[in-house]
Amino acid sequence: MKTFQRLARVAYTFVMMNYAAIAGLIALRRGREVWK
Amino acid sequence: METVFWASSLFVLYVYAGYPLLLGLWSRAAGRPSRRAPHTAQSWPTLSVVIAARNEAHRLPRRINNLLEQSYPHPIEIIVVSDGSTDGTRDAIAPFSERVRFIDLPRGGKPRALNAGVAAAHGDVIVFADARQRFAPGALQALASNFDDPAIGGATGELILDGELHGVSESTVADGVGLYWKYEKWMRRHESRLWSTLGATGAIYAMRRSLWRPLPPETLLDDVLAPMRVVLAGKRVVFEERARAFDRVAANGAAESRRKTRTLAGNYQILALEPRLLIPVVNPVWIQYLSHKLGRLVTPWALLAVLASSVALAPQGWPYAMALLLQLCFYSLAIFGGVLESKHRLGAGPAEELERAASSRRQRS
């Protein structure tokens, strides 16, 4: 179960990190503040 | 539709597996190590460390002590630039006034703070550091040792995340981020060996002052734009693994997502700020840039195309149905991971959220 949960977390991070490129493009086009 | 499926699948495969394989073989065949001659006390470059900070009064004393503990043949110039801080940063720096130059600017963003810091610096080499991380002993000397080679214009150190060091982290996304970061560092190592890395680690990087060009105020990724300008000037930016800085993984998925969104927005922005990166004869690392940086920007669109074309093609044959099934399993797993992450976040109250709350209380008081 622990391995499965770890795999799930890794899959979530992979998806989140990849689709951040789309979120980044949208943020940039809308001029939303992405500056820390 | 079949063309869309196969082209998109091959693209994703190339970005995550084909390019690293090519890079590994290429750097093994044609890699060039940096030329390090034995230094005399006089031959070491003089260093200026620039820290741009906004409301980091609680971290700066520890950060400065960490820099003062570094051994180096020359005195190190330390410049702290406050970007509109309202938390008493000046008072926090005051005990170090003999060793640290303090520049207090109205709020204008990190790039303007960095520009002011570099303009005030006198060192041959500028080292950039953030307030949060700390350097391992010898990190500055390791970075500086590369600048004996005139072909080298910049050097980036290695950022060690907490989960990597002790195998434990308070972050709920440490597993994924840790794996990703190890993979990224492997790529960076091989890109460096081949010619140059495609950016630097903001927490620890250095470049010749003569190669610095002021950053546009809207710059999101100074640690990619500045090194890529060094590369466009015909110099290398190398990965120096002996120069280590330590940091934590973002506390949770939401924080990591914000950080990653900003990074990728910055990668889009750099294309607008430096379109020369897209010209093969101008950019010496054109293939690497397209495969690594640009590839990552296109990958989510390719993943969506693979999913959409799999749905359309699934009734036509088992390979497409299988591909759809695999993707559905993977995305379901990711959703489950997201649920675990949000449960953990809501339940545990990660350290960074607590620290942020404490910091905002300090600001208010």
# chains A, B, ... in the order shown; residues from 1 in each chain; ligands from 1

call {"tool": "interface_residues", "arguments": {"of": "chain A", "to": "chain B", "cutoff": "8 Å", "atoms": "only C-alpha atoms", "output": "NGL selection string"}}
result
:A and (5-25 or 27-28 or 34-35)

call {"tool": "select_by_dssp", "arguments": {"residues": "chain A", "states": "alpha helix (DSSP H)", "output": "list of chain:residue names"}}
result
A:Lys2, A:Thr3, A:Phe4, A:Gln5, A:Arg6, A:Leu7, A:Ala8, A:Arg9, A:Val10, A:Ala11, A:Tyr12, A:Thr13, A:Phe14, A:Val15, A:Met16, A:Met17, A:Asn18, A:Tyr19, A:Ala20, A:Ala21, A:Ile22, A:Ala23, A:Gly24, A:Leu25, A:Ile26, A:Ala27, A:Leu28, A:Arg29, A:Arg30

call {"tool": "select_by_dssp", "arguments": {"residues": "range 149-241 of chain B", "states": "strand (DSSP E)", "output": "MDAnalysis selection string"}}
result
chainID B and resid 152:161 204:208 236:241

call {"tool": "atom_distance", "arguments": {"atom1": "CA of Ser291 in chain B", "atom2": "CA of Arg213 in chain B"}}
result
26.1 Å

call {"tool": "residues_around", "arguments": {"residues": "Arg99 in chain B", "least_positions_apart": "4", "cutoff": "12 Å", "atoms": "only C-alpha atoms", "output": "ChimeraX atom specification"}}
result
/B:48-49,64-65,67-68,75-80,93-95

call {"tool": "write_last_selection", "arguments": {"atoms": "N, CA and C atoms", "output": "compact mmCIF listing (two decimals), in the first residue's frame"}}
result
# COMPACT_ATOMS: atom_id res chain seq x y z
N SER B 48 32.12 38.85 -5.32
CA SER B 48 31.06 39.65 -4.69
C SER B 48 29.83 38.77 -4.62
N VAL B 49 29.28 38.61 -3.44
CA VAL B 49 28.04 37.82 -3.30
C VAL B 49 26.87 38.79 -3.23
N ILE B 64 24.10 35.35 6.32
CA ILE B 64 25.36 36.10 6.26
C ILE B 64 26.44 35.36 7.05
N ASN B 65 26.07 34.83 8.22
CA ASN B 65 27.06 34.05 8.98
C ASN B 65 27.57 32.88 8.16
N LEU B 67 27.87 32.74 4.97
CA LEU B 67 28.81 33.24 3.96
C LEU B 67 30.14 33.62 4.59
N LEU B 68 30.08 34.22 5.78
CA LEU B 68 31.32 34.64 6.45
C LEU B 68 32.15 33.44 6.90
N PRO B 75 39.19 38.51 0.81
CA PRO B 75 37.95 38.88 1.50
C PRO B 75 36.79 38.86 0.51
N ILE B 76 35.65 38.41 0.97
CA ILE B 76 34.47 38.32 0.09
C ILE B 76 33.59 39.55 0.30
N GLU B 77 33.23 40.19 -0.79
CA GLU B 77 32.31 41.34 -0.70
C GLU B 77 30.88 40.80 -0.65
N ILE B 78 30.13 41.20 0.36
CA ILE B 78 28.73 40.73 0.46
C ILE B 78 27.81 41.93 0.32
N ILE B 79 26.88 41.82 -0.60
CA ILE B 79 25.94 42.92 -0.85
C ILE B 79 24.52 42.40 -0.68
N VAL B 80 23.79 42.99 0.23
CA VAL B 80 22.38 42.62 0.42
C VAL B 80 21.53 43.76 -0.12
N ILE B 93 20.49 43.52 9.52
CA ILE B 93 21.80 43.54 8.86
C ILE B 93 22.81 44.36 9.69
N ALA B 94 22.29 45.27 10.52
CA ALA B 94 23.15 46.24 11.22
C ALA B 94 24.36 45.62 11.92
N PRO B 95 24.22 44.49 12.63
CA PRO B 95 25.41 43.92 13.30
C PRO B 95 26.52 43.52 12.33

call {"tool": "residues_around", "arguments": {"residues": "Leu211 in chain B", "least_positions_apart": "4", "cutoff": "12 Å", "atoms": "only C-alpha atoms", "output": "list in words"}}
result
Val118, Asp124, Val125, Ile126, Ile152, Gly153, Gly154, Ala206, Met207, Ala226, Pro227, Met228, Arg229, Val230, Val231, Leu232, Ala233, Gly234, Lys235, Arg236 and Val237 of chain B
